[in-house]
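For reference, the structure discussed in these notes is given below.
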Amino acid sequence: YSHGLSLVRRSADVLSILVNIYGSKALFVNEFRSMLADKLLASAGGDTEKEVRNLEMLKKRFGDSALAACEVMLTDVAESRRVSRAIRSHLGAAAAQSAGDDASAPIDATIVSRLSWPHLSQEIFELPLGIKKEMGRFEKQYAHLKAPRKLVWKPSLGVVTLDVKFANTVVKDVQCTPLQATILLKFGAQPK
């Protein structure tokens, strides 16, 4: 029991030091929110168990209201997984019915509550045609599922998992940014 109490005390001391470094509780919470957003958007699997634990610990220290936006962000990720799964299931069934359709890789979207997330910057670049097509199919199904809501894509955010083929070898499950994936796909489309 005393070991647990010591660990709680050390955690509180570390939090006090971090708040002092940032200058105020509000600045610390805002920086945490930005770091949480980056982490959630860069996570391919959407596993948020560790982030939920960290948020619960911070809520004990700073209160629920100070971290309400972070709670919404975690809820957004869980809801996005559920919606993406439903859309993928529908699109997979539709693709199986139309045998001639050349479906690209499945899309998983993180659907964010604009007011709770920090500003999400984005680079502008041309996505491959197959990816645009899949995004369009996803968007159409999302509009059907969640009317009247609509998606505003930020294609430079997130993570892409793909297999990279070289002359004699294949590297499976490479995780990269959407821009890096676009560049790899462009190289892969070049005539040999």
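In the structure tokens, each chain is lettered A, B, ... as it comes, each chain's residues begin at 1, and ligands are numbered from 1 in order of appearance.
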List every residue of segment 59-139 of chain A that has an atom at most 9 Å from any atom of segment 38-41 of chain A, giving for each one its closest atom pair and the distance in Å to one decimal, counting only C-alpha atoms, sorted by chain and then by ascending residue number, as a tab-separated table.
residue	atom	partner	partner_atom	distance
A:Met73	CA	A:Leu40	CA	8.4
A:Leu74	CA	A:Leu40	CA	8.1
A:Val77	CA	A:Leu40	CA	7.5
A:Thr110	CA	A:Leu41	CA	7.4
Nearby residues (only C-alpha atoms) at most 8 Å from segment 118-135 of chain A, same-chain spacing under 3 positions excluded, as a CSV table (one decimal) with C-alpha atoms, in the first residue's frame:
chain,number,residue,atom,x,y,z
A,33,ARG,CA,-4.6,18.2,-25.8
A,34,SER,CA,-2.3,18.9,-28.8
A,37,ALA,CA,-4.5,14.8,-30.9
A,103,ALA,CA,-11.6,-1.8,-54.9
A,104,SER,CA,-8.6,-0.1,-53.4
A,105,ALA,CA,-7.4,-0.5,-49.8
A,106,PRO,CA,-10.1,0.1,-47.2
A,107,ILE,CA,-10.4,3.6,-45.7
A,115,LEU,CA,-14.7,22.3,-31.7
A,138,PHE,CA,-16.7,6.1,-47.8
A,139,GLU,CA,-18.1,9.6,-47.8
A,154,LYS,CA,-7.9,16.2,-44.2
A,155,PRO,CA,-5.9,13.7,-46.3
A,156,SER,CA,-2.5,14.7,-45.0
A,157,LEU,CA,-3.4,13.6,-41.4
A,179,LEU,CA,2.1,12.0,-48.2
A,182,THR,CA,1.2,8.8,-52.0
A,185,LEU,CA,2.3,4.6,-54.7
A,186,LYS,CA,3.5,7.0,-57.5
Original post:
If we count only C-alpha atoms, what is near Arg81 of chain A at a cut-off of 8 Å, once residues fewer than 5 positions away on the same chain are taken out, given as number ranges by chain?
Top reply: A: 46, 108-110
Go ahead and dump the residues you just picked, N, CA and C atoms, as a short mmCIF file (atom, residue, chain, number, x, y, z; two decimals), in the first residue's frame.
data_model
loop_
_atom_site.label_atom_id
_atom_site.label_comp_id
_atom_site.auth_asym_id
_atom_site.auth_seq_id
_atom_site.Cartn_x
_atom_site.Cartn_y
_atom_site.Cartn_z
N GLY A 46 -5.93 2.45 -33.36
CA GLY A 46 -6.98 3.11 -32.61
C GLY A 46 -7.08 2.64 -31.17
N ASP A 108 -10.14 3.91 -43.28
CA ASP A 108 -10.59 4.13 -41.91
C ASP A 108 -10.47 5.62 -41.67
N ALA A 109 -11.53 6.25 -41.29
CA ALA A 109 -11.50 7.69 -41.05
C ALA A 109 -11.63 7.96 -39.56
N THR A 110 -10.88 8.94 -39.08
CA THR A 110 -11.08 9.44 -37.74
C THR A 110 -11.95 10.68 -37.88
#
**OP:** Using DSSP on the backbone coordinates, identify all residues within segment 37-187 of chain A classified as strand (DSSP E or B); present the result as a PyMOL selection string.
**Re:** chain A and resi 160-165+170-176
**OP:** Pull the helix (DSSP H, G or I) assignments for segment 12-138 of chain A out of DSSP run on the backbone, and list those residues as a ChimeraX atom specification.
**Re:** /A:12-22,25-41,49-62,65-97,129-138
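When atom CA of Val152 of chain A is paired with atom CA of Asp76 of chain A, their separation reads 14.9 Å.
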Original post:
In terms of the shortest atom-to-atom distance over only C-alpha atoms, which of A:Glu79, A:Ala44, A:Tyr142, A:Arg61 is closest to Asp173 of chain A?
Top reply: A:Ala44
